2 protein chains.
Amino acid sequence: MTHSSSADQHPAHAPGVPITTVIGDGQLARMMHSAAIELGQSIRLLAGAPHASAAQVVSDCLIGDYTNLADLRQAAAGATALTFDHEHVPTECLHKLIAEGVNVQPGPEALIYAQDKLLMRQKLREIGAPVPPFAAINCEQDIRDFAEAVSGEVCLKACRGGYDGHGVWFPSTPDEAAALVTKLRAQETPLMAEKKVPLTRELSTMVARRPSGEVRAWPVVESVQSEGICAEAVAPAPGLSPELSRRAQDLAVRIAEELGVTGVLAVELFEYLDEANQPSIAVNELAMRPHNTGHWTQDGCVTSQFEQHLRAVNDQPLGATSMLAPVTVMANVLGGANDPAMPMSQRMMEVWRRFPEAKIHLYGKTHRPGRKIGHVNVSGDDVATTRENARLAADFLVHAEWADGMEI
Amino acid sequence: MTHSSSADQHPAHAPGVPITTVIGDGQLARMMHSAAIELGQSIRLLAGAPHASAAQVVSDCLIGDYTNLADLRQAAAGATALTFDHEHVPTECLHKLIAEGVNVQPGPEALIYAQDKLLMRQKLREIGAPVPPFAAINCEQDIRDFAEAVSGEVCLKACRGGYDGHGVWFPSTPDEAAALVTKLRAQETPLMAEKKVPLTRELSTMVARRPSGEVRAWPVVESVQSEGICAEAVAPAPGLSPELSRRAQDLAVRIAEELGVTGVLAVELFEYLDEANQPSIAVNELAMRPHNTGHWTQDGCVTSQFEQHLRAVNDQPLGATSMLAPVTVMANVLGGANDPAMPMSQRMMEVWRRFPEAKIHLYGKTHRPGRKIGHVNVSGDDVATTRENARLAADFLVHAEWADGMEI
């Protein structure tokens, strides 16, 4: 008997089907693989390490460096499309791959706006999309001027590399802001500042777009952040007026089109009260890939964001985005301060015993405080109960006890 | 850069999660893998060939022979449970594995009834489950006697190894039946005969059962056969009375319990009119694994049969089996007489263009006439439209043209 290796005997892909190379080895790539399997396809992975979330389960897995052109080239060989589970591949590498004939989706002209928060805001302002006041910050004077212009409501951001609350600061005084700028500039961190929005809540609108133009939007969700990390998504966003919902979807479609995004685009939005005290929206961040606020689609929609992304980057017709239940809530499983003694498989059993309707998704990741290790989707008829149940389930997976005090 | 091989660097399984060994390499194992990935798990496969449906996509894949104890033993090492995508593993091997401490689910005491059609009927009769009149057939006289007893309405079956219409014969005269028996007995085929039921239609009831006893049933479906192969499943079975539906589910639960089945059990049923001209049911066949008539659960139920099977064989609490839409129809994609020139990926695109709600599942298999290469699930509000759309979609994937004459 032989242990099949993907390098030799293991063909990994049926003849004649799209082969999508995914750069990155996290849970997004992992969940693209399970979607691909159902479509009779599979993905080829460029992973950083063999134990990474997606590398565990993908048979055609290359271990390499996503900033190395030779590795990218090898991963792309023979693929129908190359896409990403993160936005950190250097655009100069992507330009070279394209020149060599690789079908990169989304392309570097779009991706640059997901990589650089300043360029993104400049572009959005240019196309007339609503963004909070912002400025490039190169020195202390820049931040002092900006703080004055926005009455001290300053949010400082690293232009590149931030995620999940990393690379975002809220200095409370101009002096504190200036000191921060000096420190970060000394580390050569490119910076920008944005007016802190007095938001009522955060929303997220996701769309998928094909290179040939078709776009489809999912229902707008409310996303709840905890310490800069998405903790929860509620679909559809409770109490959102049809008019504002439509405006958010139209905005996301327009951004996808104007920026030339292909695949899945997440537009994270602030909802705030405008001068007339009416709910309005402004863009917070963009992500050009499946996104945490879209995980609910796996169990709550006809077409999940992972299947849709694969279809979109291969320029295949997009799937229906209608919901399967009145409400679906996604609650993240974020590593707690400590990892309880109860094994995760036992925690899953307790959750399933109490909530047979809970859809648990885990990423094959070990515990680290604050780390995204999974999520739970629960569908139901009303927001309050569904939200409560999703929260209880996710919380149990973290803490191995019921937040409402129920005995195990 | 290295091409990761599951044998060496590729760990394939996150620490502390169940590892389910699956014997067999077909689409059922393939779809178990995508379900496992979402649970933060993965499967270990014992495949016959590296290009097989499941072997393409499973990273931890052993190539070996499921009738060879050493291969089975190696595949089982370290797994939390060992299960199957077919019923053909010799029970003597399974007994040996169990003696060595392997957790085989379902166990050989149950599996024997899925392997041997005569033993199955004897057992079902013993527990009072409704089965058509049957007899063991060892010689010409046996079949002549049986034919006389059932007024010539004879169905002859090989006790072992039949599937998808293979191993089933409908001789039209006693002489023809006798000649068939002589021929088959000369090939040492163990035989049984069953009274041909004047059925009104076929139904299928699926349940999952854990070793510790929990059982859950899915809604009863109508299954439509074409030349002995399942062509379509409609959930829930149209026009089935709540009383008969309940009776079918109770029957399946009782069979699972009495036969000690664990994992998913499919009970294929005949619906016929009894002496009082009332619809009634009798058992046709059993399968102790996910089943073609349960593929609709992937898109039509809270918990798919593949996830449920993994949970059941690992003795984890079972998931909700409620439906996500009023109707879900599964239509099989069976290889046609010829494979059209249009590539399958193009056919998928045409189907998606017309039916954005169609869920296409393909198995990574190449064309062969009559071969199951995929299925399509469509959910909707009414049976007629949903059925028509699912049929059109599956038919297009086979023939590359619309059965209703629509232009491409």
# chains A, B, ... in the order shown; residues from 1 in each chain; ligands from 1
call {"tool": "select_by_dssp", "arguments": {"residues": "range 42-229 of chain A", "states": "strand (DSSP E or B)", "output": "VMD selection string"}}
result
chain A and resid 42 to 47 60 to 63 81 to 84 104 134 to 137 154 to 158 163 166 168 to 169 191 to 195 199 to 209 215 to 217 221 to 226 229
call {"tool": "write_last_selection", "arguments": {"atoms": "C-alpha atoms", "output": "short mmCIF file (atom, residue, chain, number, x, y, z; two decimals), in the first residue's frame"}}
result
data_model
loop_
_atom_site.label_atom_id
_atom_site.label_comp_id
_atom_site.auth_asym_id
_atom_site.auth_seq_id
_atom_site.Cartn_x
_atom_site.Cartn_y
_atom_site.Cartn_z
CA SER A 42 -10.64 21.49 -6.11
CA ILE A 43 -8.15 24.21 -5.40
CA ARG A 44 -4.39 24.37 -5.58
CA LEU A 45 -2.93 26.02 -2.55
CA LEU A 46 0.20 28.09 -2.02
CA ALA A 47 0.57 27.67 1.75
CA ASP A 60 -2.80 19.83 -4.06
CA CYS A 61 -0.76 21.95 -1.67
CA LEU A 62 2.50 23.75 -2.38
CA ILE A 63 4.51 25.08 0.51
CA ALA A 81 -7.50 31.44 -12.25
CA LEU A 82 -5.33 32.65 -9.41
CA THR A 83 -6.95 34.25 -6.38
CA PHE A 84 -6.29 34.98 -2.72
CA VAL A 104 -5.15 36.87 -11.68
CA PHE A 134 -9.28 61.75 5.89
CA ALA A 135 -5.73 62.88 5.23
CA ALA A 136 -2.28 61.47 4.55
CA ILE A 137 -0.10 61.81 7.63
CA VAL A 154 -9.03 61.32 15.19
CA CYS A 155 -8.56 57.76 14.10
CA LEU A 156 -4.98 57.01 12.99
CA LYS A 157 -4.40 54.07 10.68
CA ALA A 158 -1.42 52.31 9.15
CA TYR A 163 -6.37 43.74 10.15
CA HIS A 166 -4.21 45.87 14.38
CA VAL A 168 -5.64 51.29 14.14
CA TRP A 169 -5.25 53.82 16.97
CA LEU A 191 0.04 56.57 7.96
CA MET A 192 -3.30 58.21 7.35
CA ALA A 193 -5.89 59.71 9.62
CA GLU A 194 -9.64 59.57 9.43
CA LYS A 195 -12.34 61.39 11.30
CA LEU A 199 -21.46 55.56 14.34
CA THR A 200 -24.72 53.99 15.38
CA ARG A 201 -23.55 50.57 14.20
CA GLU A 202 -21.49 48.81 11.54
CA LEU A 203 -22.94 47.24 8.43
CA SER A 204 -21.38 45.10 5.74
CA THR A 205 -22.43 44.71 2.15
CA MET A 206 -20.98 41.94 0.09
CA VAL A 207 -21.12 41.52 -3.65
CA ALA A 208 -19.49 39.24 -6.18
CA ARG A 209 -18.43 40.38 -9.62
CA VAL A 215 -22.57 41.47 -10.22
CA ARG A 216 -24.74 40.05 -7.46
CA ALA A 217 -25.20 41.39 -3.94
CA VAL A 221 -25.77 42.53 7.39
CA GLU A 222 -25.14 44.21 10.70
CA SER A 223 -21.69 43.40 12.00
CA VAL A 224 -20.78 43.66 15.64
CA GLN A 225 -17.15 44.29 16.49
CA SER A 226 -15.42 43.50 19.75
CA ILE A 229 -12.51 42.03 15.61
#
call {"tool": "residues_around", "arguments": {"residues": "range 349-354 of chain A", "least_positions_apart": "4", "cutoff": "12 Å", "atoms": "only C-alpha atoms", "output": "VMD selection string"}}
result
(chain A and resid 342 to 345 358 to 360 376 378 389 to 402 406 to 408) or (chain B and resid 17 to 18 39 214 303 308 311 to 312 314 to 320)
call {"tool": "residues_around", "arguments": {"residues": "Gln115 in chain A", "least_positions_apart": "2", "cutoff": "12 Å", "atoms": "only C-alpha atoms", "output": "VMD selection string"}}
result
chain A and resid 86 to 91 108 to 113 117 to 121 158 to 163 285 to 288
call {"tool": "atom_distance", "arguments": {"atom1": "CA of Leu184 in chain A", "atom2": "CA of Arg371 in chain A"}}
result
24.9 Å
call {"tool": "residues_around", "arguments": {"residues": "Ala14 in chain A", "least_positions_apart": "6", "cutoff": "9 Å", "atoms": "only C-alpha atoms", "output": "PyMOL selection string"}}
result
(chain A and resi 40-42) or (chain B and resi 51+53+56+363-366)
call {"tool": "atom_distance", "arguments": {"atom1": "CA of Leu69 in chain A", "atom2": "CA of His95 in chain A"}}
result
10.5 Å
call {"tool": "residues_around", "arguments": {"residues": "Gln27 in chain B", "least_positions_apart": "3", "cutoff": "10 Å", "atoms": "only C-alpha atoms", "output": "NGL selection string"}}
result
(:A and (38 or 40)) or (:B and (24 or 30-33 or 52-55 or 85 or 292 or 361-365 or 372-374))
call {"tool": "select_by_dssp", "arguments": {"residues": "range 239-370 of chain B", "states": "alpha helix (DSSP H)", "output": "MDAnalysis selection string"}}
result
chainID B and resid 242:259 297:300 305:313 344:354
call {"tool": "write_last_selection", "arguments": {"atoms": "C-alpha atoms", "output": "mmCIF file, in the first residue's frame"}}
result
data_model
loop_
_atom_site.group_PDB
_atom_site.id
_atom_site.type_symbol
_atom_site.label_atom_id
_atom_site.label_comp_id
_atom_site.auth_asym_id
_atom_site.auth_seq_id
_atom_site.Cartn_x
_atom_site.Cartn_y
_atom_site.Cartn_z
ATOM 1 C CA PRO B 242 -48.816 12.464 7.537
ATOM 2 C CA GLU B 243 -49.848 9.071 8.871
ATOM 3 C CA LEU B 244 -47.963 7.090 6.223
ATOM 4 C CA SER B 245 -45.001 9.445 6.471
ATOM 5 C CA ARG B 246 -44.879 8.833 10.196
ATOM 6 C CA ARG B 247 -45.204 5.110 9.663
ATOM 7 C CA ALA B 248 -42.279 5.134 7.213
ATOM 8 C CA GLN B 249 -40.099 7.089 9.624
ATOM 9 C CA ASP B 250 -41.022 4.864 12.561
ATOM 10 C CA LEU B 251 -40.199 1.831 10.459
ATOM 11 C CA ALA B 252 -36.763 3.182 9.551
ATOM 12 C CA VAL B 253 -36.037 4.065 13.162
ATOM 13 C CA ARG B 254 -37.092 0.595 14.276
ATOM 14 C CA ILE B 255 -34.915 -1.076 11.633
ATOM 15 C CA ALA B 256 -31.933 1.047 12.699
ATOM 16 C CA GLU B 257 -32.480 0.053 16.308
ATOM 17 C CA GLU B 258 -33.266 -3.632 15.797
ATOM 18 C CA LEU B 259 -30.387 -4.184 13.383
ATOM 19 C CA THR B 297 -30.246 17.254 2.271
ATOM 20 C CA GLN B 298 -27.033 19.073 1.289
ATOM 21 C CA ASP B 299 -29.028 22.080 0.165
ATOM 22 C CA GLY B 300 -32.506 21.389 1.506
ATOM 23 C CA GLN B 305 -26.570 13.394 5.456
ATOM 24 C CA PHE B 306 -22.787 13.677 5.111
ATOM 25 C CA GLU B 307 -22.329 15.836 8.197
ATOM 26 C CA GLN B 308 -24.852 13.697 10.082
ATOM 27 C CA HIS B 309 -23.035 10.500 9.152
ATOM 28 C CA LEU B 310 -19.738 11.846 10.503
ATOM 29 C CA ARG B 311 -21.439 12.999 13.703
ATOM 30 C CA ALA B 312 -23.275 9.699 14.124
ATOM 31 C CA VAL B 313 -20.293 7.397 13.610
ATOM 32 C CA MET B 344 -18.711 20.137 -18.679
ATOM 33 C CA SER B 345 -17.555 23.496 -17.315
ATOM 34 C CA GLN B 346 -19.404 25.202 -20.167
ATOM 35 C CA ARG B 347 -22.510 23.112 -19.481
ATOM 36 C CA MET B 348 -22.396 24.211 -15.851
ATOM 37 C CA MET B 349 -22.258 27.819 -16.978
ATOM 38 C CA GLU B 350 -25.317 27.408 -19.190
ATOM 39 C CA VAL B 351 -27.245 25.807 -16.339
ATOM 40 C CA TRP B 352 -26.267 28.566 -13.916
ATOM 41 C CA ARG B 353 -27.156 31.240 -16.461
ATOM 42 C CA ARG B 354 -30.687 29.884 -16.688
#
call {"tool": "atom_distance", "arguments": {"atom1": "CA of Glu153 in chain A", "atom2": "CA of Cys139 in chain A"}}
result
17.9 Å
call {"tool": "closest_residue", "arguments": {"among": "A:Glu388, A:Glu275, A:Asp71, A:Glu92", "to": "chain B", "atoms": "only C-alpha atoms"}}
result
A:Asp71
